[in-house]
file my_file_10.cif (mmCIF, C-alpha atoms, pLDDT in the B column; chains and numbers go by the auth columns)
data_start
#
loop_
_atom_site.group_PDB
_atom_site.id
_atom_site.type_symbol
_atom_site.label_atom_id
_atom_site.label_comp_id
_atom_site.label_asym_id
_atom_site.label_seq_id
_atom_site.Cartn_x
_atom_site.Cartn_y
_atom_site.Cartn_z
_atom_site.B_iso_or_equiv
_atom_site.auth_seq_id
_atom_site.auth_asym_id
ATOM 1 C CA MET A 1 3.104 19.198 -7.192 94.00 25 H
ATOM 2 C CA ILE A 2 2.206 15.663 -6.130 97.00 26 H
ATOM 3 C CA ALA A 3 3.909 12.887 -8.074 97.00 27 H
ATOM 4 C CA ALA A 4 3.299 9.144 -7.957 97.00 28 H
ATOM 5 C CA VAL A 5 5.954 6.481 -7.496 97.00 29 H
ATOM 6 C CA LEU A 6 4.780 3.074 -8.699 96.00 30 H
ATOM 7 C CA LEU A 7 6.732 0.238 -7.112 93.00 31 H
ATOM 8 C CA ALA A 8 7.035 -2.513 -9.731 91.00 32 H
ATOM 9 C CA SER A 9 10.380 -4.149 -9.013 85.00 33 H
ATOM 10 C CA GLY A 10 9.437 -7.303 -7.103 70.00 34 H
ATOM 11 C CA ARG A 11 9.899 -10.677 -8.757 59.00 35 H
ATOM 12 C CA GLY A 12 6.550 -12.090 -7.603 53.00 36 H
ATOM 13 C CA LYS A 13 8.143 -15.077 -5.881 54.00 37 H
ATOM 14 C CA ARG A 14 4.850 -16.529 -4.645 56.00 38 H
ATOM 15 C CA PHE A 15 2.912 -15.728 -7.807 59.00 39 H
ATOM 16 C CA GLY A 16 5.488 -16.170 -10.533 60.00 40 H
ATOM 17 C CA PRO A 17 7.727 -13.890 -12.609 60.00 41 H
ATOM 18 C CA ASP A 18 4.946 -12.584 -14.841 78.00 42 H
ATOM 19 C CA LYS A 19 2.761 -11.327 -11.984 84.00 43 H
ATOM 20 C CA LEU A 20 2.395 -7.739 -13.195 90.00 44 H
ATOM 21 C CA LEU A 21 1.553 -8.938 -16.716 91.00 45 H
ATOM 22 C CA TYR A 22 -1.148 -11.328 -15.472 90.00 46 H
ATOM 23 C CA GLU A 23 -4.507 -10.195 -16.792 91.00 47 H
ATOM 24 C CA VAL A 24 -7.448 -9.413 -14.533 90.00 48 H
ATOM 25 C CA GLU A 25 -10.638 -8.818 -16.491 91.00 49 H
ATOM 26 C CA GLY A 26 -8.542 -8.721 -19.670 93.00 50 H
ATOM 27 C CA VAL A 27 -6.075 -6.050 -18.497 94.00 51 H
ATOM 28 C CA PRO A 28 -2.531 -6.674 -17.166 95.00 52 H
ATOM 29 C CA ILE A 29 -2.229 -5.922 -13.449 94.00 53 H
ATOM 30 C CA ALA A 30 0.454 -3.271 -14.046 95.00 54 H
ATOM 31 C CA GLU A 31 -1.734 -1.508 -16.605 96.00 55 H
ATOM 32 C CA ARG A 32 -4.603 -1.485 -14.099 96.00 56 H
ATOM 33 C CA ALA A 33 -2.267 0.276 -11.630 96.00 57 H
ATOM 34 C CA PHE A 34 -1.326 2.883 -14.231 97.00 58 H
ATOM 35 C CA ARG A 35 -4.996 3.537 -15.020 97.00 59 H
ATOM 36 C CA ALA A 36 -5.809 4.086 -11.330 97.00 60 H
ATOM 37 C CA LEU A 37 -3.814 7.324 -11.421 97.00 61 H
ATOM 38 C CA PRO A 38 -5.284 10.578 -12.731 96.00 62 H
ATOM 39 C CA PRO A 39 -4.010 10.842 -16.342 93.00 63 H
ATOM 40 C CA ASP A 40 -2.415 14.250 -15.744 93.00 64 H
ATOM 41 C CA MET A 41 -0.535 13.192 -12.604 97.00 65 H
ATOM 42 C CA PRO A 42 3.244 12.981 -13.061 97.00 66 H
ATOM 43 C CA ALA A 43 4.358 9.446 -12.222 97.00 67 H
ATOM 44 C CA LEU A 44 7.413 7.215 -12.138 97.00 68 H
ATOM 45 C CA VAL A 45 7.387 3.450 -12.343 96.00 69 H
ATOM 46 C CA VAL A 46 10.426 1.751 -10.825 95.00 70 H
ATOM 47 C CA THR A 47 10.872 -1.622 -12.490 93.00 71 H
ATOM 48 C CA GLY A 48 13.433 -4.143 -13.625 89.00 72 H
ATOM 49 C CA ASP A 49 11.068 -5.693 -16.158 89.00 73 H
ATOM 50 C CA ASN A 50 11.273 -4.272 -19.688 92.00 74 H
ATOM 51 C CA ARG A 51 7.750 -5.486 -20.451 93.00 75 H
ATOM 52 C CA VAL A 52 6.293 -3.489 -17.553 94.00 76 H
ATOM 53 C CA GLY A 53 8.372 -0.518 -18.717 95.00 77 H
ATOM 54 C CA ALA A 54 6.914 -0.871 -22.220 95.00 78 H
ATOM 55 C CA LEU A 55 3.363 -0.775 -20.802 95.00 79 H
ATOM 56 C CA ALA A 56 4.231 2.327 -18.755 96.00 80 H
ATOM 57 C CA ARG A 57 5.702 4.161 -21.757 96.00 81 H
ATOM 58 C CA ARG A 58 2.270 4.106 -23.412 95.00 82 H
ATOM 59 C CA HIS A 59 1.197 6.706 -20.831 95.00 83 H
ATOM 60 C CA GLU A 60 2.452 10.245 -21.409 94.00 84 H
ATOM 61 C CA ASN A 61 2.513 11.043 -17.677 95.00 85 H
ATOM 62 C CA ILE A 62 4.648 8.018 -16.633 96.00 86 H
ATOM 63 C CA THR A 63 8.454 7.913 -16.676 96.00 87 H
ATOM 64 C CA VAL A 64 10.270 4.587 -16.337 97.00 88 H
ATOM 65 C CA VAL A 65 13.059 4.299 -13.761 95.00 89 H
ATOM 66 C CA GLU A 66 15.210 1.210 -14.308 92.00 90 H
ATOM 67 C CA ASN A 67 16.000 -0.966 -11.301 90.00 91 H
ATOM 68 C CA THR A 68 18.892 -3.161 -12.372 83.00 92 H
ATOM 69 C CA GLY A 69 19.778 -4.590 -8.974 75.00 93 H
ATOM 70 C CA GLY A 70 18.117 -5.536 -5.709 62.00 94 H
ATOM 71 C CA ARG A 71 14.750 -5.964 -7.352 59.00 95 H
ATOM 72 C CA ASP A 72 13.267 -7.609 -4.270 64.00 96 H
ATOM 73 C CA ASP A 73 14.520 -4.843 -1.962 79.00 97 H
ATOM 74 C CA ILE A 74 11.634 -2.422 -1.520 86.00 98 H
ATOM 75 C CA SER A 75 13.868 0.113 0.249 89.00 99 H
ATOM 76 C CA LEU A 76 16.076 0.325 -2.856 90.00 100 H
ATOM 77 C CA THR A 77 13.013 0.690 -5.077 91.00 101 H
ATOM 78 C CA ILE A 78 11.779 3.571 -2.896 94.00 102 H
ATOM 79 C CA ARG A 79 15.188 5.288 -3.031 94.00 103 H
ATOM 80 C CA LEU A 80 15.337 5.004 -6.818 94.00 104 H
ATOM 81 C CA GLY A 81 11.882 6.543 -7.068 95.00 105 H
ATOM 82 C CA LEU A 82 12.732 9.396 -4.700 97.00 106 H
ATOM 83 C CA GLN A 83 15.956 10.183 -6.586 95.00 107 H
ATOM 84 C CA ALA A 84 14.044 10.484 -9.867 96.00 108 H
ATOM 85 C CA LEU A 85 11.266 12.766 -8.594 97.00 109 H
ATOM 86 C CA PRO A 86 11.093 16.254 -10.108 94.00 110 H
ATOM 87 C CA ALA A 87 12.710 18.912 -7.888 94.00 111 H
ATOM 88 C CA ASP A 88 9.388 20.692 -7.277 95.00 112 H
ATOM 89 C CA THR A 89 7.651 17.608 -5.861 97.00 113 H
ATOM 90 C CA GLU A 90 5.830 18.559 -2.655 96.00 114 H
ATOM 91 C CA ALA A 91 4.535 15.063 -1.904 97.00 115 H
ATOM 92 C CA ALA A 92 4.841 11.546 -3.289 98.00 116 H
ATOM 93 C CA LEU A 93 2.090 8.980 -3.634 98.00 117 H
ATOM 94 C CA PHE A 94 3.643 5.521 -3.325 97.00 118 H
ATOM 95 C CA CYS A 95 1.641 2.779 -5.028 96.00 119 H
ATOM 96 C CA VAL A 96 2.265 -0.929 -5.328 93.00 120 H
ATOM 97 C CA CYS A 97 1.355 -2.359 -8.719 92.00 121 H
ATOM 98 C CA ASP A 98 -0.325 -5.577 -7.617 91.00 122 H
ATOM 99 C CA GLN A 99 -3.659 -4.168 -6.377 93.00 123 H
ATOM 100 C CA PRO A 100 -5.826 -4.860 -9.427 94.00 124 H
ATOM 101 C CA TRP A 101 -9.039 -3.456 -7.925 95.00 125 H
ATOM 102 C CA LEU A 102 -7.670 -0.057 -6.854 97.00 126 H
ATOM 103 C CA THR A 103 -9.791 2.695 -8.415 97.00 127 H
ATOM 104 C CA ARG A 104 -8.965 6.173 -9.614 97.00 128 H
ATOM 105 C CA ALA A 105 -11.847 7.460 -7.481 98.00 129 H
ATOM 106 C CA SER A 106 -10.177 6.245 -4.283 97.00 130 H
ATOM 107 C CA VAL A 107 -6.809 7.623 -5.385 98.00 131 H
ATOM 108 C CA GLU A 108 -8.454 10.999 -6.017 98.00 132 H
ATOM 109 C CA ARG A 109 -10.037 10.895 -2.512 97.00 133 H
ATOM 110 C CA LEU A 110 -6.542 10.399 -1.071 97.00 134 H
ATOM 111 C CA LEU A 111 -5.155 13.315 -3.101 97.00 135 H
ATOM 112 C CA ALA A 112 -8.063 15.582 -2.125 97.00 136 H
ATOM 113 C CA ALA A 113 -7.585 14.798 1.571 97.00 137 H
ATOM 114 C CA PHE A 114 -3.902 15.717 1.334 97.00 138 H
ATOM 115 C CA ARG A 115 -4.619 18.963 -0.506 96.00 139 H
ATOM 116 C CA ALA A 116 -7.081 19.950 2.233 96.00 140 H
ATOM 117 C CA GLU A 117 -4.487 19.345 4.996 94.00 141 H
ATOM 118 C CA PRO A 118 -1.018 18.901 3.453 93.00 142 H
ATOM 119 C CA GLU A 119 0.924 18.108 6.631 88.00 143 H
ATOM 120 C CA GLY A 120 -0.131 14.520 7.283 94.00 144 H
ATOM 121 C CA ILE A 121 0.793 11.124 5.896 97.00 145 H
ATOM 122 C CA TYR A 122 -2.243 9.821 4.039 98.00 146 H
ATOM 123 C CA VAL A 123 -3.006 6.121 3.740 97.00 147 H
ATOM 124 C CA LEU A 124 -5.824 4.385 1.896 97.00 148 H
ATOM 125 C CA ALA A 125 -7.692 2.235 4.389 96.00 149 H
ATOM 126 C CA TRP A 126 -10.818 0.219 4.995 95.00 150 H
ATOM 127 C CA GLU A 127 -12.491 0.524 8.396 93.00 151 H
ATOM 128 C CA GLY A 128 -9.188 1.500 9.992 89.00 152 H
ATOM 129 C CA ARG A 129 -7.105 -1.232 8.327 93.00 153 H
ATOM 130 C CA MET A 130 -4.316 0.579 6.502 95.00 154 H
ATOM 131 C CA GLY A 131 -3.122 -0.466 3.066 94.00 155 H
ATOM 132 C CA ASN A 132 -1.757 1.189 -0.054 95.00 156 H
ATOM 133 C CA PRO A 133 -1.282 3.692 -1.627 97.00 157 H
ATOM 134 C CA CYS A 134 0.422 5.975 0.896 97.00 158 H
ATOM 135 C CA LEU A 135 1.078 9.684 0.369 98.00 159 H
ATOM 136 C CA PHE A 136 4.066 11.312 2.078 98.00 160 H
ATOM 137 C CA PRO A 137 4.822 15.053 2.197 97.00 161 H
ATOM 138 C CA ARG A 138 8.341 16.083 1.219 97.00 162 H
ATOM 139 C CA LYS A 139 9.486 16.433 4.844 97.00 163 H
ATOM 140 C CA TYR A 140 9.430 12.609 5.116 97.00 164 H
ATOM 141 C CA PHE A 141 11.563 12.022 2.000 97.00 165 H
ATOM 142 C CA PRO A 142 14.859 11.849 3.964 96.00 166 H
ATOM 143 C CA GLU A 143 13.427 9.141 6.235 96.00 167 H
ATOM 144 C CA LEU A 144 12.124 7.200 3.250 96.00 168 H
ATOM 145 C CA ALA A 145 15.504 7.532 1.517 94.00 169 H
ATOM 146 C CA ALA A 146 17.248 6.175 4.638 94.00 170 H
ATOM 147 C CA LEU A 147 15.236 2.934 4.668 91.00 171 H
ATOM 148 C CA GLU A 148 17.286 -0.218 4.181 87.00 172 H
ATOM 149 C CA ASN A 149 17.148 -3.986 4.547 84.00 173 H
ATOM 150 C CA ASP A 150 13.920 -4.278 2.526 79.00 174 H
ATOM 151 C CA GLN A 151 11.964 -1.902 4.775 82.00 175 H
ATOM 152 C CA GLY A 152 9.007 -0.130 3.234 88.00 176 H
ATOM 153 C CA GLY A 153 7.149 3.080 3.996 92.00 177 H
ATOM 154 C CA LYS A 154 5.241 1.412 6.840 92.00 178 H
ATOM 155 C CA ALA A 155 8.427 1.805 8.938 93.00 179 H
ATOM 156 C CA VAL A 156 8.163 5.590 8.552 96.00 180 H
ATOM 157 C CA ILE A 157 4.430 5.474 9.264 96.00 181 H
ATOM 158 C CA ALA A 158 5.096 3.530 12.479 95.00 182 H
ATOM 159 C CA ARG A 159 7.463 6.292 13.680 95.00 183 H
ATOM 160 C CA HIS A 160 4.853 9.031 13.112 97.00 184 H
ATOM 161 C CA PRO A 161 1.431 7.693 14.206 96.00 185 H
ATOM 162 C CA GLU A 162 0.290 11.215 15.093 96.00 186 H
ATOM 163 C CA ALA A 163 0.706 12.271 11.438 97.00 187 H
ATOM 164 C CA VAL A 164 -1.233 9.386 9.878 97.00 188 H
ATOM 165 C CA ARG A 165 -4.591 10.135 8.286 97.00 189 H
ATOM 166 C CA CYS A 166 -6.630 7.201 6.981 97.00 190 H
ATOM 167 C CA VAL A 167 -8.778 7.792 3.913 97.00 191 H
ATOM 168 C CA GLN A 168 -11.552 5.266 3.419 96.00 192 H
ATOM 169 C CA ALA A 169 -11.427 3.349 0.124 96.00 193 H
ATOM 170 C CA LEU A 170 -14.680 3.057 -1.778 96.00 194 H
ATOM 171 C CA ASP A 171 -14.547 -0.738 -1.559 95.00 195 H
ATOM 172 C CA PRO A 172 -12.551 -3.090 0.712 94.00 196 H
ATOM 173 C CA ARG A 173 -11.386 -5.097 -2.296 93.00 197 H
ATOM 174 C CA GLU A 174 -9.261 -2.140 -3.424 95.00 198 H
ATOM 175 C CA LEU A 175 -6.726 -2.920 -0.686 94.00 199 H
ATOM 176 C CA GLU A 176 -6.273 -6.536 -1.811 90.00 200 H
ATOM 177 C CA ASP A 177 -3.077 -7.465 -3.567 84.00 201 H
ATOM 178 C CA LEU A 178 -2.571 -10.462 -5.795 77.00 202 H
ATOM 179 C CA ASP A 179 0.152 -12.571 -4.183 63.00 203 H
ATOM 180 C CA ILE A 180 -0.713 -15.957 -5.645 46.00 204 H
ATOM 181 C CA ARG A 181 -2.443 -17.160 -8.787 47.00 205 H
ATOM 182 C CA PRO A 182 -6.228 -17.414 -8.538 50.00 206 H
ATOM 183 C CA GLY A 183 -7.311 -20.847 -7.300 49.00 207 H
ATOM 184 C CA GLU A 184 -4.028 -21.558 -5.481 49.00 208 H
ATOM 185 C CA ARG A 185 -3.756 -21.818 -1.718 45.00 209 H
ATOM 186 C CA ASN A 186 -2.057 -18.999 0.128 43.00 210 H
ATOM 187 C CA ILE A 187 0.240 -19.513 3.135 42.00 211 H
ATOM 188 C CA ASP A 188 -2.777 -19.259 5.449 43.00 212 H
ATOM 189 C CA GLY A 189 -4.587 -21.981 3.457 40.00 213 H
ATOM 190 C CA ASN A 190 -7.101 -19.620 1.873 39.00 214 H
ATOM 191 C CA ILE A 191 -7.811 -19.839 -1.834 33.00 215 H
ATOM 192 C CA LYS A 192 -7.382 -16.611 -3.773 38.00 216 H
ATOM 193 C CA GLN A 193 -10.423 -15.754 -5.853 40.00 217 H
ATOM 194 C CA ILE A 194 -10.891 -13.191 -8.600 35.00 218 H
#
call {"tool": "encode", "arguments": {"input": "my_file_10.cif", "output": "structure tokens"}}
result
Amino acid sequence: MIAAVLLASGRGKRFGPDKLLYEVEGVPIAERAFRALPPDMPALVVTGDNRVGALARRHENITVVENTGGRDDISLTIRLGLQALPADTEAALFCVCDQPWLTRASVERLLAAFRAEPEGIYVLAWEGRMGNPCLFPRKYFPELAALENDQGGKAVIARHPEAVRCVQALDPRELEDLDIRPGERNIDGNIKQI
């Protein structure tokens, strides 16, 4: 079984505390992340926000895992997700919840690639530029669980370049995350558009 772990614990420091509730095309960003998963795929959302948890509970396939401390520590969020996975989980698809243009079709391409060759680490990409989600077979769970100091899965990917398989997204916009409010200037001076 492949299960999804949705990482929804960050406080959105650059965007604001209500980042995952911000609506894109009339739908909260977190809800858009939930809808990008196949509806029959078992999933966990790790969050410290009760409102995000309430959105997740509307989906029969999503279980809420409470993160009551270290909400800006992605390594803790990953550990909490791993600890809550069902015992028969063969692989975990890690998704961030602030990619509002991610599509179910691209997620299904990632899952199909893994099922065809279930030994690699699969990463959604555009023209070789890796992004999220990332799918890890069970053999990498101990390394993911050992992450600390706010390290994410990219640290494990960097240690195993020979295992990485990039799966092309259907559109480059799918890899974009929403770090700042539309119309504001980002650190690099660019204005975020929707």
call {"tool": "residues_around", "arguments": {"input": "my_file_10.cif", "residues": "Val188 of chain H", "least_positions_apart": "5", "cutoff": "7 Å", "atoms": "all atoms listed in the file", "output": "JSON, numbers by chain"}}
result
{"H": [144, 145, 146, 181]}
call {"tool": "closest_atom_pairs", "arguments": {"input": "my_file_10.cif", "of": "segment 98-216 of chain H", "to": "segment 69-89 of chain H", "cutoff": "9 Å", "atoms": "only C-alpha atoms", "output": "CSV"}}
result
residue,atom,partner,partner_atom,distance
H:Thr101,CA,H:Val70,CA,6.4
H:Ile102,CA,H:Val70,CA,8.2
H:Leu104,CA,H:Val70,CA,7.1
H:Gly105,CA,H:Val70,CA,6.3
H:Ala108,CA,H:Val89,CA,7.4
call {"tool": "atom_distance", "arguments": {"input": "my_file_10.cif", "atom1": "atom CA of Phe160 of chain H", "atom2": "atom CA of Arg189 of chain H"}}
result
10.7 Å
call {"tool": "atom_distance", "arguments": {"input": "my_file_10.cif", "atom1": "atom CA of Met65 of chain H", "atom2": "atom CA of Lys43 of chain H"}}
result
24.7 Å
call {"tool": "residues_around", "arguments": {"input": "my_file_10.cif", "residues": "segment 167-179 of chain H", "least_positions_apart": "5", "cutoff": "6 Å", "atoms": "only C-alpha atoms", "output": "ChimeraX atom specification"}}
result
/H:97-99,103
call {"tool": "resolve_selection", "arguments": {"input": "my_file_10.cif", "expression": "the PyMOL selection byres ((chain H and resi 201) around 7)", "output": "list of chain:residue names"}}
result
H:Asp122, H:Gln123, H:Pro124, H:Leu199, H:Glu200, H:Leu202, H:Asp203
call {"tool": "write_last_selection", "arguments": {"input": "my_file_10.cif", "atoms": "C-alpha atoms", "output": "short mmCIF file (atom, residue, chain, number, x, y, z; two decimals), in the frame of the given file"}}
result
data_model
loop_
_atom_site.label_atom_id
_atom_site.label_comp_id
_atom_site.auth_asym_id
_atom_site.auth_seq_id
_atom_site.Cartn_x
_atom_site.Cartn_y
_atom_site.Cartn_z
CA ASP H 122 -0.32 -5.58 -7.62
CA GLN H 123 -3.66 -4.17 -6.38
CA PRO H 124 -5.83 -4.86 -9.43
CA LEU H 199 -6.73 -2.92 -0.69
CA GLU H 200 -6.27 -6.54 -1.81
CA LEU H 202 -2.57 -10.46 -5.80
CA ASP H 203 0.15 -12.57 -4.18
#
call {"tool": "closest_residue", "arguments": {"input": "my_file_10.cif", "among": "H:Ala32, H:Met154, H:Pro161, H:Leu117", "to": "Leu134 of chain H", "atoms": "all atoms listed in the file"}}
result
H:Leu117
call {"tool": "atom_distance", "arguments": {"input": "my_file_10.cif", "atom1": "atom CA of Trp125 of chain H", "atom2": "atom CA of Phe58 of chain H"}}
result
11.8 Å
call {"tool": "resolve_selection", "arguments": {"input": "my_file_10.cif", "expression": "the PyMOL selection byres ((chain H and resi 129) around 12)", "output": "list in words"}}
result
Arg59, Ala60, Leu61, Pro62, Trp125, Leu126, Thr127, Arg128, Ser130, Val131, Glu132, Arg133, Leu134, Leu135, Ala136, Leu148, Val191, Gln192, Ala193, Leu194, Asp195 and Glu198 of chain H
call {"tool": "closest_residue", "arguments": {"input": "my_file_10.cif", "among": "H:Ile53, H:Pro157, H:Leu45, H:Tyr164", "to": "Ala187 of chain H", "atoms": "only C-alpha atoms"}}
result
H:Tyr164
call {"tool": "closest_residue", "arguments": {"input": "my_file_10.cif", "among": "H:Val120, H:Ala27, H:Val180, H:Leu100", "to": "Pro63 of chain H", "atoms": "all atoms listed in the file"}}
result
H:Ala27
call {"tool": "closest_residue", "arguments": {"input": "my_file_10.cif", "among": "H:Cys119, H:Val29, H:Glu151, H:Gln107", "to": "Ala67 of chain H", "atoms": "only C-alpha atoms"}}
result
H:Val29
call {"tool": "decode", "arguments": {"input": "my_file_10.cif", "residues": "segment 67-77 of chain H", "atoms": "all heavy atoms", "output": "mmCIF file, in the first residue's frame"}}
result
data_model
loop_
_atom_site.group_PDB
_atom_site.id
_atom_site.type_symbol
_atom_site.label_atom_id
_atom_site.label_comp_id
_atom_site.auth_asym_id
_atom_site.auth_seq_id
_atom_site.Cartn_x
_atom_site.Cartn_y
_atom_site.Cartn_z
ATOM 1 N N ALA H 67 -4.396 8.596 3.485
ATOM 2 C CA ALA H 67 -3.569 9.785 3.672
ATOM 3 C C ALA H 67 -3.637 10.270 5.108
ATOM 4 O O ALA H 67 -4.625 10.069 5.808
ATOM 5 C CB ALA H 67 -4.031 10.893 2.721
ATOM 6 N N LEU H 68 -2.551 10.918 5.514
ATOM 7 C CA LEU H 68 -2.462 11.581 6.813
ATOM 8 C C LEU H 68 -2.136 13.042 6.547
ATOM 9 O O LEU H 68 -1.337 13.340 5.668
ATOM 10 C CB LEU H 68 -1.316 10.992 7.645
ATOM 11 C CG LEU H 68 -1.242 9.489 7.825
ATOM 12 C CD1 LEU H 68 0.120 9.104 8.379
ATOM 13 C CD2 LEU H 68 -2.337 9.038 8.768
ATOM 14 N N VAL H 69 -2.735 13.925 7.315
ATOM 15 C CA VAL H 69 -2.311 15.322 7.264
ATOM 16 C C VAL H 69 -1.777 15.670 8.642
ATOM 17 O O VAL H 69 -2.445 15.471 9.649
ATOM 18 C CB VAL H 69 -3.434 16.293 6.815
ATOM 19 C CG1 VAL H 69 -4.626 16.271 7.743
ATOM 20 C CG2 VAL H 69 -2.899 17.708 6.677
ATOM 21 N N VAL H 70 -0.520 16.136 8.678
ATOM 22 C CA VAL H 70 0.118 16.508 9.934
ATOM 23 C C VAL H 70 -0.007 18.021 10.059
ATOM 24 O O VAL H 70 0.558 18.766 9.257
ATOM 25 C CB VAL H 70 1.598 16.077 9.970
ATOM 26 C CG1 VAL H 70 2.203 16.396 11.339
ATOM 27 C CG2 VAL H 70 1.735 14.589 9.653
ATOM 28 N N THR H 71 -0.763 18.463 11.065
ATOM 29 C CA THR H 71 -1.042 19.886 11.195
ATOM 30 C C THR H 71 -1.203 20.287 12.658
ATOM 31 O O THR H 71 -1.562 19.462 13.498
ATOM 32 C CB THR H 71 -2.309 20.277 10.399
ATOM 33 O OG1 THR H 71 -2.464 21.694 10.419
ATOM 34 C CG2 THR H 71 -3.556 19.606 10.949
ATOM 35 N N GLY H 72 -0.955 21.539 12.919
ATOM 36 C CA GLY H 72 -1.209 22.108 14.234
ATOM 37 C C GLY H 72 -2.351 23.093 14.189
ATOM 38 O O GLY H 72 -2.632 23.790 15.168
ATOM 39 N N ASP H 73 -3.031 23.162 13.053
ATOM 40 C CA ASP H 73 -4.124 24.109 12.849
ATOM 41 C C ASP H 73 -5.452 23.345 12.819
ATOM 42 O O ASP H 73 -5.689 22.546 11.907
ATOM 43 C CB ASP H 73 -3.909 24.877 11.543
ATOM 44 C CG ASP H 73 -4.885 26.022 11.349
ATOM 45 O OD1 ASP H 73 -6.073 25.889 11.724
ATOM 46 O OD2 ASP H 73 -4.476 27.066 10.802
ATOM 47 N N ASN H 74 -6.301 23.593 13.791
ATOM 48 C CA ASN H 74 -7.588 22.889 13.863
ATOM 49 C C ASN H 74 -8.461 23.129 12.640
ATOM 50 O O ASN H 74 -9.255 22.260 12.259
ATOM 51 C CB ASN H 74 -8.353 23.305 15.124
ATOM 52 C CG ASN H 74 -7.681 22.821 16.380
ATOM 53 O OD1 ASN H 74 -6.979 21.819 16.367
ATOM 54 N ND2 ASN H 74 -7.871 23.536 17.484
ATOM 55 N N ARG H 75 -8.323 24.294 12.030
ATOM 56 C CA ARG H 75 -9.146 24.604 10.846
ATOM 57 C C ARG H 75 -8.726 23.752 9.655
ATOM 58 O O ARG H 75 -9.574 23.271 8.900
ATOM 59 C CB ARG H 75 -9.056 26.089 10.525
ATOM 60 C CG ARG H 75 -9.572 26.965 11.689
ATOM 61 C CD ARG H 75 -9.156 28.402 11.549
ATOM 62 N NE ARG H 75 -7.708 28.506 11.504
ATOM 63 C CZ ARG H 75 -7.045 29.621 11.200
ATOM 64 N NH1 ARG H 75 -7.694 30.729 10.906
ATOM 65 N NH2 ARG H 75 -5.729 29.638 11.176
ATOM 66 N N VAL H 76 -7.424 23.533 9.493
ATOM 67 C CA VAL H 76 -6.944 22.647 8.432
ATOM 68 C C VAL H 76 -7.392 21.214 8.735
ATOM 69 O O VAL H 76 -7.829 20.488 7.843
ATOM 70 C CB VAL H 76 -5.411 22.744 8.287
ATOM 71 C CG1 VAL H 76 -4.883 21.695 7.317
ATOM 72 C CG2 VAL H 76 -5.004 24.150 7.831
ATOM 73 N N GLY H 77 -7.311 20.823 10.011
ATOM 74 C CA GLY H 77 -7.786 19.502 10.409
ATOM 75 C C GLY H 77 -9.261 19.307 10.093
ATOM 76 O O GLY H 77 -9.675 18.242 9.627
#
